[in-house]
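Next up, protein-v8.cif (mmCIF, N, CA and C atoms):
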data_data
#
loop_
_atom_site.group_PDB
_atom_site.id
_atom_site.type_symbol
_atom_site.label_atom_id
_atom_site.label_comp_id
_atom_site.auth_asym_id
_atom_site.auth_seq_id
_atom_site.Cartn_x
_atom_site.Cartn_y
_atom_site.Cartn_z
ATOM 1 N N MET A 1 -23.485 -7.969 25.345
ATOM 2 C CA MET A 1 -23.314 -7.651 23.936
ATOM 3 C C MET A 1 -22.267 -8.572 23.328
ATOM 4 N N ILE A 2 -22.489 -8.905 22.088
ATOM 5 C CA ILE A 2 -21.539 -9.685 21.305
ATOM 6 C C ILE A 2 -20.884 -8.723 20.319
ATOM 7 N N ILE A 3 -19.559 -8.783 20.227
ATOM 8 C CA ILE A 3 -18.823 -7.847 19.381
ATOM 9 C C ILE A 3 -18.155 -8.609 18.240
ATOM 10 N N TYR A 4 -18.488 -8.197 17.045
ATOM 11 C CA TYR A 4 -17.879 -8.697 15.814
ATOM 12 C C TYR A 4 -16.793 -7.693 15.464
ATOM 13 N N ASN A 5 -15.548 -8.060 15.714
ATOM 14 C CA ASN A 5 -14.406 -7.165 15.566
ATOM 15 C C ASN A 5 -13.617 -7.541 14.318
ATOM 16 N N ILE A 6 -13.393 -6.563 13.459
ATOM 17 C CA ILE A 6 -12.577 -6.775 12.273
ATOM 18 C C ILE A 6 -11.376 -5.839 12.387
ATOM 19 N N THR A 7 -10.191 -6.415 12.399
ATOM 20 C CA THR A 7 -8.962 -5.638 12.492
ATOM 21 C C THR A 7 -8.311 -5.597 11.114
ATOM 22 N N PHE A 8 -7.983 -4.390 10.679
ATOM 23 C CA PHE A 8 -7.424 -4.158 9.346
ATOM 24 C C PHE A 8 -6.016 -3.595 9.451
ATOM 25 N N ASN A 9 -5.119 -4.043 8.594
ATOM 26 C CA ASN A 9 -3.849 -3.379 8.387
ATOM 27 C C ASN A 9 -3.857 -2.921 6.932
ATOM 28 N N THR A 10 -3.733 -1.613 6.738
ATOM 29 C CA THR A 10 -3.901 -1.006 5.427
ATOM 30 C C THR A 10 -2.600 -0.352 4.966
ATOM 31 N N ASP A 11 -2.180 -0.661 3.738
ATOM 32 C CA ASP A 11 -1.033 0.041 3.152
ATOM 33 C C ASP A 11 -1.291 1.541 3.234
ATOM 34 N N LYS A 12 -0.273 2.281 3.602
ATOM 35 C CA LYS A 12 -0.443 3.733 3.742
ATOM 36 C C LYS A 12 -0.881 4.385 2.439
ATOM 37 N N SER A 13 -0.446 3.854 1.315
ATOM 38 C CA SER A 13 -0.830 4.431 0.021
ATOM 39 C C SER A 13 -2.313 4.193 -0.306
ATOM 40 N N TYR A 14 -2.954 3.283 0.394
ATOM 41 C CA TYR A 14 -4.372 2.979 0.173
ATOM 42 C C TYR A 14 -5.256 3.504 1.295
ATOM 43 N N LEU A 15 -4.696 4.186 2.261
ATOM 44 C CA LEU A 15 -5.430 4.580 3.456
ATOM 45 C C LEU A 15 -6.633 5.476 3.151
ATOM 46 N N THR A 16 -6.468 6.462 2.285
ATOM 47 C CA THR A 16 -7.585 7.352 1.954
ATOM 48 C C THR A 16 -8.691 6.579 1.245
ATOM 49 N N HIS A 17 -8.316 5.761 0.269
ATOM 50 C CA HIS A 17 -9.302 4.958 -0.456
ATOM 51 C C HIS A 17 -10.009 3.993 0.492
ATOM 52 N N TRP A 18 -9.250 3.324 1.358
ATOM 53 C CA TRP A 18 -9.828 2.382 2.324
ATOM 54 C C TRP A 18 -10.806 3.093 3.254
ATOM 55 N N SER A 19 -10.395 4.248 3.787
ATOM 56 C CA SER A 19 -11.243 4.975 4.734
ATOM 57 C C SER A 19 -12.567 5.397 4.091
ATOM 58 N N LYS A 20 -12.503 5.900 2.869
ATOM 59 C CA LYS A 20 -13.723 6.293 2.160
ATOM 60 C C LYS A 20 -14.614 5.080 1.894
ATOM 61 N N TYR A 21 -14.011 3.973 1.482
ATOM 62 C CA TYR A 21 -14.765 2.751 1.208
ATOM 63 C C TYR A 21 -15.445 2.241 2.488
ATOM 64 N N ILE A 22 -14.712 2.239 3.580
ATOM 65 C CA ILE A 22 -15.254 1.738 4.852
ATOM 66 C C ILE A 22 -16.467 2.567 5.265
ATOM 67 N N GLN A 23 -16.336 3.895 5.186
ATOM 68 C CA GLN A 23 -17.423 4.782 5.609
ATOM 69 C C GLN A 23 -18.621 4.730 4.664
ATOM 70 N N ALA A 24 -18.367 4.693 3.371
ATOM 71 C CA ALA A 24 -19.450 4.785 2.382
ATOM 72 C C ALA A 24 -20.080 3.442 2.036
ATOM 73 N N ASN A 25 -19.309 2.348 2.124
ATOM 74 C CA ASN A 25 -19.807 1.055 1.667
ATOM 75 C C ASN A 25 -19.859 0.007 2.777
ATOM 76 N N PHE A 26 -18.700 -0.273 3.357
ATOM 77 C CA PHE A 26 -18.552 -1.424 4.244
ATOM 78 C C PHE A 26 -19.439 -1.325 5.481
ATOM 79 N N ILE A 27 -19.306 -0.231 6.229
ATOM 80 C CA ILE A 27 -20.112 -0.075 7.451
ATOM 81 C C ILE A 27 -21.607 -0.042 7.125
ATOM 82 N N PRO A 28 -22.049 0.770 6.154
ATOM 83 C CA PRO A 28 -23.479 0.766 5.836
ATOM 84 C C PRO A 28 -24.018 -0.605 5.397
ATOM 85 N N GLN A 29 -23.215 -1.348 4.614
ATOM 86 C CA GLN A 29 -23.653 -2.687 4.178
ATOM 87 C C GLN A 29 -23.923 -3.582 5.381
ATOM 88 N N ILE A 30 -23.039 -3.555 6.341
ATOM 89 C CA ILE A 30 -23.189 -4.420 7.511
ATOM 90 C C ILE A 30 -24.334 -3.946 8.396
ATOM 91 N N LEU A 31 -24.436 -2.653 8.618
ATOM 92 C CA LEU A 31 -25.507 -2.139 9.481
ATOM 93 C C LEU A 31 -26.893 -2.350 8.881
ATOM 94 N N LYS A 32 -27.009 -2.254 7.556
ATOM 95 C CA LYS A 32 -28.344 -2.389 6.952
ATOM 96 C C LYS A 32 -28.894 -3.825 7.044
ATOM 97 N N THR A 33 -28.054 -4.778 7.426
ATOM 98 C CA THR A 33 -28.564 -6.142 7.615
ATOM 99 C C THR A 33 -29.492 -6.222 8.817
ATOM 100 N N GLY A 34 -29.383 -5.263 9.740
ATOM 101 C CA GLY A 34 -30.264 -5.227 10.900
ATOM 102 C C GLY A 34 -29.823 -6.088 12.079
ATOM 103 N N PHE A 35 -28.682 -6.744 11.979
ATOM 104 C CA PHE A 35 -28.229 -7.627 13.045
ATOM 105 C C PHE A 35 -27.417 -6.901 14.121
ATOM 106 N N PHE A 36 -27.000 -5.670 13.854
ATOM 107 C CA PHE A 36 -26.142 -4.950 14.784
ATOM 108 C C PHE A 36 -26.810 -3.646 15.222
ATOM 109 N N VAL A 37 -26.587 -3.289 16.485
ATOM 110 C CA VAL A 37 -27.237 -2.104 17.044
ATOM 111 C C VAL A 37 -26.327 -0.883 17.072
ATOM 112 N N GLN A 38 -25.026 -1.085 16.978
ATOM 113 C CA GLN A 38 -24.083 0.024 16.927
ATOM 114 C C GLN A 38 -22.742 -0.448 16.400
ATOM 115 N N HIS A 39 -21.874 0.507 16.142
ATOM 116 C CA HIS A 39 -20.515 0.171 15.696
ATOM 117 C C HIS A 39 -19.539 1.230 16.201
ATOM 118 N N LYS A 40 -18.274 0.882 16.221
ATOM 119 C CA LYS A 40 -17.193 1.806 16.567
ATOM 120 C C LYS A 40 -16.034 1.559 15.630
ATOM 121 N N LYS A 41 -15.346 2.628 15.281
ATOM 122 C CA LYS A 41 -14.139 2.548 14.465
ATOM 123 C C LYS A 41 -12.986 2.998 15.349
ATOM 124 N N LEU A 42 -11.933 2.187 15.440
ATOM 125 C CA LEU A 42 -10.814 2.454 16.336
ATOM 126 C C LEU A 42 -9.494 2.380 15.584
ATOM 127 N N LYS A 43 -8.507 3.144 16.062
ATOM 128 C CA LYS A 43 -7.166 3.112 15.487
ATOM 129 C C LYS A 43 -6.221 2.506 16.515
ATOM 130 N N LEU A 44 -5.425 1.563 16.079
ATOM 131 C CA LEU A 44 -4.432 0.943 16.950
ATOM 132 C C LEU A 44 -3.274 1.918 17.141
ATOM 133 N N LEU A 45 -2.951 2.195 18.393
ATOM 134 C CA LEU A 45 -1.881 3.160 18.689
ATOM 135 C C LEU A 45 -0.525 2.500 18.840
ATOM 136 N N ASN A 46 -0.494 1.267 19.277
ATOM 137 C CA ASN A 46 0.787 0.560 19.415
ATOM 138 C C ASN A 46 0.950 -0.387 18.232
ATOM 139 N N GLU A 47 1.478 0.149 17.164
ATOM 140 C CA GLU A 47 1.644 -0.613 15.926
ATOM 141 C C GLU A 47 2.523 -1.844 16.145
ATOM 142 N N VAL A 48 2.196 -2.882 15.434
ATOM 143 C CA VAL A 48 2.921 -4.148 15.510
ATOM 144 C C VAL A 48 4.159 -4.061 14.612
ATOM 145 N N SER A 49 5.302 -4.434 15.148
ATOM 146 C CA SER A 49 6.513 -4.386 14.330
ATOM 147 C C SER A 49 6.406 -5.393 13.187
ATOM 148 N N GLY A 50 6.946 -5.008 12.066
ATOM 149 C CA GLY A 50 6.905 -5.868 10.892
ATOM 150 C C GLY A 50 5.764 -5.548 9.951
ATOM 151 N N LEU A 51 4.778 -4.766 10.416
ATOM 152 C CA LEU A 51 3.677 -4.357 9.554
ATOM 153 C C LEU A 51 3.930 -2.926 9.112
ATOM 154 N N SER A 52 3.816 -2.684 7.826
ATOM 155 C CA SER A 52 4.171 -1.371 7.297
ATOM 156 C C SER A 52 2.997 -0.405 7.236
ATOM 157 N N GLY A 53 1.790 -0.890 7.298
ATOM 158 C CA GLY A 53 0.631 -0.020 7.166
ATOM 159 C C GLY A 53 0.126 0.477 8.505
ATOM 160 N N GLU A 54 -1.073 1.046 8.470
ATOM 161 C CA GLU A 54 -1.739 1.482 9.684
ATOM 162 C C GLU A 54 -2.819 0.473 10.033
ATOM 163 N N THR A 55 -3.075 0.319 11.333
ATOM 164 C CA THR A 55 -3.999 -0.704 11.799
ATOM 165 C C THR A 55 -5.218 -0.068 12.457
ATOM 166 N N TYR A 56 -6.381 -0.557 12.060
ATOM 167 C CA TYR A 56 -7.661 -0.089 12.575
ATOM 168 C C TYR A 56 -8.520 -1.292 12.931
ATOM 169 N N ALA A 57 -9.487 -1.058 13.808
ATOM 170 C CA ALA A 57 -10.478 -2.084 14.115
ATOM 171 C C ALA A 57 -11.857 -1.454 13.987
ATOM 172 N N ILE A 58 -12.771 -2.214 13.462
ATOM 173 C CA ILE A 58 -14.174 -1.803 13.432
ATOM 174 C C ILE A 58 -14.946 -2.855 14.208
ATOM 175 N N GLN A 59 -15.722 -2.378 15.173
ATOM 176 C CA GLN A 59 -16.486 -3.275 16.018
ATOM 177 C C GLN A 59 -17.966 -3.053 15.760
ATOM 178 N N PHE A 60 -18.672 -4.162 15.548
ATOM 179 C CA PHE A 60 -20.118 -4.140 15.379
ATOM 180 C C PHE A 60 -20.727 -4.880 16.563
ATOM 181 N N TYR A 61 -21.748 -4.289 17.164
ATOM 182 C CA TYR A 61 -22.329 -4.818 18.396
ATOM 183 C C TYR A 61 -23.691 -5.444 18.128
ATOM 184 N N ALA A 62 -23.820 -6.715 18.508
ATOM 185 C CA ALA A 62 -25.088 -7.444 18.404
ATOM 186 C C ALA A 62 -25.580 -7.755 19.816
ATOM 187 N N LYS A 63 -26.881 -7.784 19.983
ATOM 188 C CA LYS A 63 -27.439 -8.069 21.309
ATOM 189 C C LYS A 63 -27.245 -9.526 21.711
ATOM 190 N N GLU A 64 -27.350 -10.420 20.743
ATOM 191 C CA GLU A 64 -27.290 -11.856 21.034
ATOM 192 C C GLU A 64 -26.369 -12.562 20.034
ATOM 193 N N LEU A 65 -25.789 -13.662 20.445
ATOM 194 C CA LEU A 65 -24.907 -14.443 19.591
ATOM 195 C C LEU A 65 -25.635 -14.955 18.351
ATOM 196 N N ILE A 66 -26.905 -15.298 18.486
ATOM 197 C CA ILE A 66 -27.666 -15.826 17.343
ATOM 198 C C ILE A 66 -27.752 -14.784 16.224
ATOM 199 N N GLU A 67 -27.814 -13.503 16.577
ATOM 200 C CA GLU A 67 -27.846 -12.454 15.552
ATOM 201 C C GLU A 67 -26.536 -12.424 14.770
ATOM 202 N N LEU A 68 -25.430 -12.545 15.472
ATOM 203 C CA LEU A 68 -24.132 -12.582 14.800
ATOM 204 C C LEU A 68 -24.033 -13.821 13.920
ATOM 205 N N GLU A 69 -24.468 -14.957 14.427
ATOM 206 C CA GLU A 69 -24.413 -16.193 13.642
ATOM 207 C C GLU A 69 -25.249 -16.061 12.377
ATOM 208 N N ASN A 70 -26.410 -15.457 12.482
ATOM 209 C CA ASN A 70 -27.258 -15.259 11.300
ATOM 210 C C ASN A 70 -26.608 -14.316 10.295
ATOM 211 N N PHE A 71 -25.974 -13.257 10.787
ATOM 212 C CA PHE A 71 -25.235 -12.369 9.888
ATOM 213 C C PHE A 71 -24.144 -13.139 9.162
ATOM 214 N N ARG A 72 -23.392 -13.921 9.900
ATOM 215 C CA ARG A 72 -22.273 -14.642 9.297
ATOM 216 C C ARG A 72 -22.758 -15.642 8.254
ATOM 217 N N LEU A 73 -23.855 -16.302 8.514
ATOM 218 C CA LEU A 73 -24.394 -17.272 7.551
ATOM 219 C C LEU A 73 -24.958 -16.596 6.296
ATOM 220 N N SER A 74 -25.579 -15.449 6.464
ATOM 221 C CA SER A 74 -26.309 -14.830 5.360
ATOM 222 C C SER A 74 -25.541 -13.760 4.592
ATOM 223 N N TYR A 75 -24.636 -13.028 5.261
ATOM 224 C CA TYR A 75 -24.055 -11.840 4.637
ATOM 225 C C TYR A 75 -22.535 -11.761 4.646
ATOM 226 N N GLU A 76 -21.895 -12.387 5.603
ATOM 227 C CA GLU A 76 -20.458 -12.187 5.788
ATOM 228 C C GLU A 76 -19.645 -12.475 4.529
ATOM 229 N N ASN A 77 -19.883 -13.575 3.889
ATOM 230 C CA ASN A 77 -19.092 -13.954 2.721
ATOM 231 C C ASN A 77 -19.151 -12.893 1.623
ATOM 232 N N ALA A 78 -20.331 -12.390 1.325
ATOM 233 C CA ALA A 78 -20.476 -11.386 0.259
ATOM 234 C C ALA A 78 -19.759 -10.085 0.616
ATOM 235 N N VAL A 79 -19.903 -9.646 1.862
ATOM 236 C CA VAL A 79 -19.276 -8.397 2.293
ATOM 237 C C VAL A 79 -17.752 -8.517 2.245
ATOM 238 N N LEU A 80 -17.223 -9.633 2.737
ATOM 239 C CA LEU A 80 -15.768 -9.812 2.772
ATOM 240 C C LEU A 80 -15.185 -10.066 1.388
ATOM 241 N N THR A 81 -15.936 -10.728 0.528
ATOM 242 C CA THR A 81 -15.478 -10.944 -0.846
ATOM 243 C C THR A 81 -15.352 -9.617 -1.579
ATOM 244 N N GLU A 82 -16.321 -8.743 -1.402
ATOM 245 C CA GLU A 82 -16.243 -7.422 -2.030
ATOM 246 C C GLU A 82 -15.032 -6.649 -1.504
ATOM 247 N N LEU A 83 -14.795 -6.731 -0.200
ATOM 248 C CA LEU A 83 -13.636 -6.066 0.393
ATOM 249 C C LEU A 83 -12.331 -6.598 -0.197
ATOM 250 N N ARG A 84 -12.203 -7.926 -0.265
ATOM 251 C CA ARG A 84 -10.997 -8.546 -0.845
ATOM 252 C C ARG A 84 -10.803 -8.136 -2.303
ATOM 253 N N ASN A 85 -11.885 -8.140 -3.077
ATOM 254 C CA ASN A 85 -11.803 -7.781 -4.495
ATOM 255 C C ASN A 85 -11.430 -6.311 -4.684
ATOM 256 N N THR A 86 -11.863 -5.474 -3.779
ATOM 257 C CA THR A 86 -11.592 -4.043 -3.886
ATOM 258 C C THR A 86 -10.136 -3.724 -3.569
ATOM 259 N N PHE A 87 -9.569 -4.382 -2.555
ATOM 260 C CA PHE A 87 -8.235 -4.003 -2.084
ATOM 261 C C PHE A 87 -7.153 -5.061 -2.290
ATOM 262 N N GLN A 88 -7.528 -6.253 -2.662
ATOM 263 C CA GLN A 88 -6.590 -7.351 -2.897
ATOM 264 C C GLN A 88 -5.596 -7.453 -1.747
ATOM 265 N N ASP A 89 -4.304 -7.400 -2.012
ATOM 266 C CA ASP A 89 -3.323 -7.597 -0.938
ATOM 267 C C ASP A 89 -2.869 -6.284 -0.294
ATOM 268 N N HIS A 90 -3.578 -5.186 -0.552
ATOM 269 C CA HIS A 90 -3.225 -3.896 0.039
ATOM 270 C C HIS A 90 -3.864 -3.688 1.411
ATOM 271 N N VAL A 91 -4.835 -4.535 1.732
ATOM 272 C CA VAL A 91 -5.483 -4.493 3.041
ATOM 273 C C VAL A 91 -5.571 -5.922 3.546
ATOM 274 N N MET A 92 -5.012 -6.133 4.726
ATOM 275 C CA MET A 92 -5.127 -7.434 5.387
ATOM 276 C C MET A 92 -6.105 -7.269 6.549
ATOM 277 N N PHE A 93 -6.820 -8.330 6.878
ATOM 278 C CA PHE A 93 -7.733 -8.231 8.004
ATOM 279 C C PHE A 93 -7.936 -9.601 8.644
ATOM 280 N N PHE A 94 -8.371 -9.565 9.887
ATOM 281 C CA PHE A 94 -8.800 -10.774 10.573
ATOM 282 C C PHE A 94 -9.979 -10.423 11.480
ATOM 283 N N ILE A 95 -10.743 -11.447 11.811
ATOM 284 C CA ILE A 95 -11.981 -11.267 12.578
ATOM 285 C C ILE A 95 -11.842 -11.954 13.926
ATOM 286 N N THR A 96 -12.321 -11.284 14.955
ATOM 287 C CA THR A 96 -12.444 -11.893 16.272
ATOM 288 C C THR A 96 -13.859 -11.646 16.783
ATOM 289 N N ILE A 97 -14.342 -12.590 17.556
ATOM 290 C CA ILE A 97 -15.658 -12.483 18.167
ATOM 291 C C ILE A 97 -15.446 -12.331 19.666
ATOM 292 N N LEU A 98 -16.025 -11.300 20.223
ATOM 293 C CA LEU A 98 -15.847 -10.987 21.634
ATOM 294 C C LEU A 98 -17.201 -10.906 22.333
ATOM 295 N N GLU A 99 -17.179 -11.116 23.641
ATOM 296 C CA GLU A 99 -18.378 -10.942 24.433
ATOM 297 C C GLU A 99 -18.097 -9.907 25.512
ATOM 298 N N GLU A 100 -18.965 -8.933 25.607
ATOM 299 C CA GLU A 100 -18.831 -7.917 26.653
ATOM 300 C C GLU A 100 -19.234 -8.545 27.985
ATOM 301 N N ILE A 101 -18.397 -8.360 28.993
ATOM 302 C CA ILE A 101 -18.686 -8.902 30.313
ATOM 303 C C ILE A 101 -18.643 -7.776 31.328
ATOM 304 N N ASP A 102 -19.081 -8.069 32.538
ATOM 305 C CA ASP A 102 -19.089 -7.056 33.604
ATOM 306 C C ASP A 102 -17.715 -6.533 33.901
#
As structure tokens:
Amino acid sequence: MIIYNITFNTDKSYLTHWSKYIQANFIPQILKTGFFVQHKKLKLLNEVSGLSGETYAIQFYAKELIELENFRLSYENAVLTELRNTFQDHVMFFITILEEID
């Protein structure tokens, strides 16, 4: 499996709004593209010093790397632009690509 991992640090004052947006908009938008077979939402327990918000990761699982590449070429920019426009500097995020191994 290929894992498209997005890690978010969210201002505490925006946490409720962010959580509702993620559940109602962000996750469904990505899943409806058909490139991912499942997802997980995780909370970071060992917070990084210097960051004031709460940190979460959302992982989307693709069967093959080509599916992730196609998602990134066709949909990623629009989804992330909407996220940036919605939260501006109240939510920071970065993306990592992982491969599940034995």
(request) Would you mind reading off the distance between atom CA of A:Ala57 and atom CA of A:Phe8, one decimal, in Å? (result)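 Value for the atom CA of A:Ala57-atom CA of A:Phe8 distance: 6.0 Å.
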(message) Given the PyMOL selection byres ((chain A and resi 61) around 7) and the file above, list the residues it selects as a PyMOL selection string.
(response) chain A and resi 1-4+35-40+59-60+62-64
(request) Could you check which of A:Glu67, A:Asp102, A:Glu82, A:Glu54 is closest to A:Gly34, using only N, CA and C atoms? (result)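 The shortest atom-to-atom distance to A:Gly34 comes from A:Glu67.
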(message) Between atom CA of A:Ile58 and atom C of A:Asn5, what is the distance in Å, rounded to a tenth?
(response)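 Atom C of A:Asn5 lies 5.8 Å from atom CA of A:Ile58.
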(message) With the PyMOL selection byres (((chain A and resi 71 and name CA) around 10) and name CA) as the selection, what would be picked from this file? Answer as a list in words, please.
(response) Ile30, Thr33, Gly34, Phe35, Phe36, Ala62, Leu65, Ile66, Glu67, Leu68, Glu69, Asn70, Arg72, Leu73, Ser74, Tyr75, Glu76 and Asn77 of chain A
(message) Rounded to one decimal, what separation in Å do you get between atom C of A:Leu80 and atom N of A:Ile101?
(response) 27.8 Å
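Near A:Lys12, within a cut-off of 10 Å and counting only C-alpha atoms, sit the residues Asn9, Leu15, Thr16, His17, Trp18, Ser52, Gly53, Glu54, Thr55, His90 and Val91 of chain A, with same-chain residues fewer than 3 positions away left out.
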Create the file for the chosen residues now, containing N, CA and C atoms and written as a CSV table (one decimal), in the frame of the given file.
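Saved as selection.csv:
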chain,number,residue,atom,x,y,z
A,9,ASN,N,-5.1,-4.0,8.6
A,9,ASN,CA,-3.8,-3.4,8.4
A,9,ASN,C,-3.9,-2.9,6.9
A,15,LEU,N,-4.7,4.2,2.3
A,15,LEU,CA,-5.4,4.6,3.5
A,15,LEU,C,-6.6,5.5,3.2
A,16,THR,N,-6.5,6.5,2.3
A,16,THR,CA,-7.6,7.4,2.0
A,16,THR,C,-8.7,6.6,1.2
A,17,HIS,N,-8.3,5.8,0.3
A,17,HIS,CA,-9.3,5.0,-0.5
A,17,HIS,C,-10.0,4.0,0.5
A,18,TRP,N,-9.2,3.3,1.4
A,18,TRP,CA,-9.8,2.4,2.3
A,18,TRP,C,-10.8,3.1,3.3
A,52,SER,N,3.8,-2.7,7.8
A,52,SER,CA,4.2,-1.4,7.3
A,52,SER,C,3.0,-0.4,7.2
A,53,GLY,N,1.8,-0.9,7.3
A,53,GLY,CA,0.6,0.0,7.2
A,53,GLY,C,0.1,0.5,8.5
A,54,GLU,N,-1.1,1.0,8.5
A,54,GLU,CA,-1.7,1.5,9.7
A,54,GLU,C,-2.8,0.5,10.0
A,55,THR,N,-3.1,0.3,11.3
A,55,THR,CA,-4.0,-0.7,11.8
A,55,THR,C,-5.2,-0.1,12.5
A,90,HIS,N,-3.6,-5.2,-0.6
A,90,HIS,CA,-3.2,-3.9,0.0
A,90,HIS,C,-3.9,-3.7,1.4
A,91,VAL,N,-4.8,-4.5,1.7
A,91,VAL,CA,-5.5,-4.5,3.0
A,91,VAL,C,-5.6,-5.9,3.5
(request) Write out as a VMD selection string all residues of chain A that backbone DSSP assigns to strand (DSSP E or B). (result) chain A and resid 2 to 10 38 to 43 54 to 62 91 to 99
Writing out the chosen residues with N, CA and C atoms as a compact mmCIF listing (two decimals), keeping the file's coordinate frame:
# COMPACT_ATOMS: atom_id res chain seq x y z
N ILE A 2 -22.49 -8.90 22.09
CA ILE A 2 -21.54 -9.68 21.30
C ILE A 2 -20.88 -8.72 20.32
N ILE A 3 -19.56 -8.78 20.23
CA ILE A 3 -18.82 -7.85 19.38
C ILE A 3 -18.16 -8.61 18.24
N TYR A 4 -18.49 -8.20 17.05
CA TYR A 4 -17.88 -8.70 15.81
C TYR A 4 -16.79 -7.69 15.46
N ASN A 5 -15.55 -8.06 15.71
CA ASN A 5 -14.41 -7.16 15.57
C ASN A 5 -13.62 -7.54 14.32
N ILE A 6 -13.39 -6.56 13.46
CA ILE A 6 -12.58 -6.78 12.27
C ILE A 6 -11.38 -5.84 12.39
N THR A 7 -10.19 -6.42 12.40
CA THR A 7 -8.96 -5.64 12.49
C THR A 7 -8.31 -5.60 11.11
N PHE A 8 -7.98 -4.39 10.68
CA PHE A 8 -7.42 -4.16 9.35
C PHE A 8 -6.02 -3.60 9.45
N ASN A 9 -5.12 -4.04 8.59
CA ASN A 9 -3.85 -3.38 8.39
C ASN A 9 -3.86 -2.92 6.93
N THR A 10 -3.73 -1.61 6.74
CA THR A 10 -3.90 -1.01 5.43
C THR A 10 -2.60 -0.35 4.97
N GLN A 38 -25.03 -1.08 16.98
CA GLN A 38 -24.08 0.02 16.93
C GLN A 38 -22.74 -0.45 16.40
N HIS A 39 -21.87 0.51 16.14
CA HIS A 39 -20.52 0.17 15.70
C HIS A 39 -19.54 1.23 16.20
N LYS A 40 -18.27 0.88 16.22
CA LYS A 40 -17.19 1.81 16.57
C LYS A 40 -16.03 1.56 15.63
N LYS A 41 -15.35 2.63 15.28
CA LYS A 41 -14.14 2.55 14.46
C LYS A 41 -12.99 3.00 15.35
N LEU A 42 -11.93 2.19 15.44
CA LEU A 42 -10.81 2.45 16.34
C LEU A 42 -9.49 2.38 15.58
N LYS A 43 -8.51 3.14 16.06
CA LYS A 43 -7.17 3.11 15.49
C LYS A 43 -6.22 2.51 16.52
N GLU A 54 -1.07 1.05 8.47
CA GLU A 54 -1.74 1.48 9.68
C GLU A 54 -2.82 0.47 10.03
N THR A 55 -3.08 0.32 11.33
CA THR A 55 -4.00 -0.70 11.80
C THR A 55 -5.22 -0.07 12.46
N TYR A 56 -6.38 -0.56 12.06
CA TYR A 56 -7.66 -0.09 12.58
C TYR A 56 -8.52 -1.29 12.93
N ALA A 57 -9.49 -1.06 13.81
CA ALA A 57 -10.48 -2.08 14.12
C ALA A 57 -11.86 -1.45 13.99
N ILE A 58 -12.77 -2.21 13.46
CA ILE A 58 -14.17 -1.80 13.43
C ILE A 58 -14.95 -2.86 14.21
N GLN A 59 -15.72 -2.38 15.17
CA GLN A 59 -16.49 -3.28 16.02
C GLN A 59 -17.97 -3.05 15.76
N PHE A 60 -18.67 -4.16 15.55
CA PHE A 60 -20.12 -4.14 15.38
C PHE A 60 -20.73 -4.88 16.56
N TYR A 61 -21.75 -4.29 17.16
CA TYR A 61 -22.33 -4.82 18.40
C TYR A 61 -23.69 -5.44 18.13
N ALA A 62 -23.82 -6.72 18.51
CA ALA A 62 -25.09 -7.44 18.40
C ALA A 62 -25.58 -7.76 19.82
N VAL A 91 -4.84 -4.54 1.73
CA VAL A 91 -5.48 -4.49 3.04
C VAL A 91 -5.57 -5.92 3.55
N MET A 92 -5.01 -6.13 4.73
CA MET A 92 -5.13 -7.43 5.39
C MET A 92 -6.10 -7.27 6.55
N PHE A 93 -6.82 -8.33 6.88
CA PHE A 93 -7.73 -8.23 8.00
C PHE A 93 -7.94 -9.60 8.64
N PHE A 94 -8.37 -9.56 9.89
CA PHE A 94 -8.80 -10.77 10.57
C PHE A 94 -9.98 -10.42 11.48
N ILE A 95 -10.74 -11.45 11.81
CA ILE A 95 -11.98 -11.27 12.58
C ILE A 95 -11.84 -11.95 13.93
N THR A 96 -12.32 -11.28 14.96
CA THR A 96 -12.44 -11.89 16.27
C THR A 96 -13.86 -11.65 16.78
N ILE A 97 -14.34 -12.59 17.56
CA ILE A 97 -15.66 -12.48 18.17
C ILE A 97 -15.45 -12.33 19.67
N LEU A 98 -16.02 -11.30 20.22
CA LEU A 98 -15.85 -10.99 21.63
C LEU A 98 -17.20 -10.91 22.33
N GLU A 99 -17.18 -11.12 23.64
CA GLU A 99 -18.38 -10.94 24.43
C GLU A 99 -18.10 -9.91 25.51
(message) Let's see if you can do this: from backbone DSSP, list all helix (DSSP H, G or I) residues in chain A, as JSON, numbers by chain.
(response) {"A": [12, 13, 14, 15, 16, 17, 18, 19, 20, 21, 22, 23, 24, 25, 26, 27, 28, 29, 30, 31, 65, 66, 67, 68, 69, 70, 71, 72, 73, 74, 75, 76, 77, 78, 79, 80, 81, 82, 83, 84, 85, 86, 87, 88, 89, 90]}
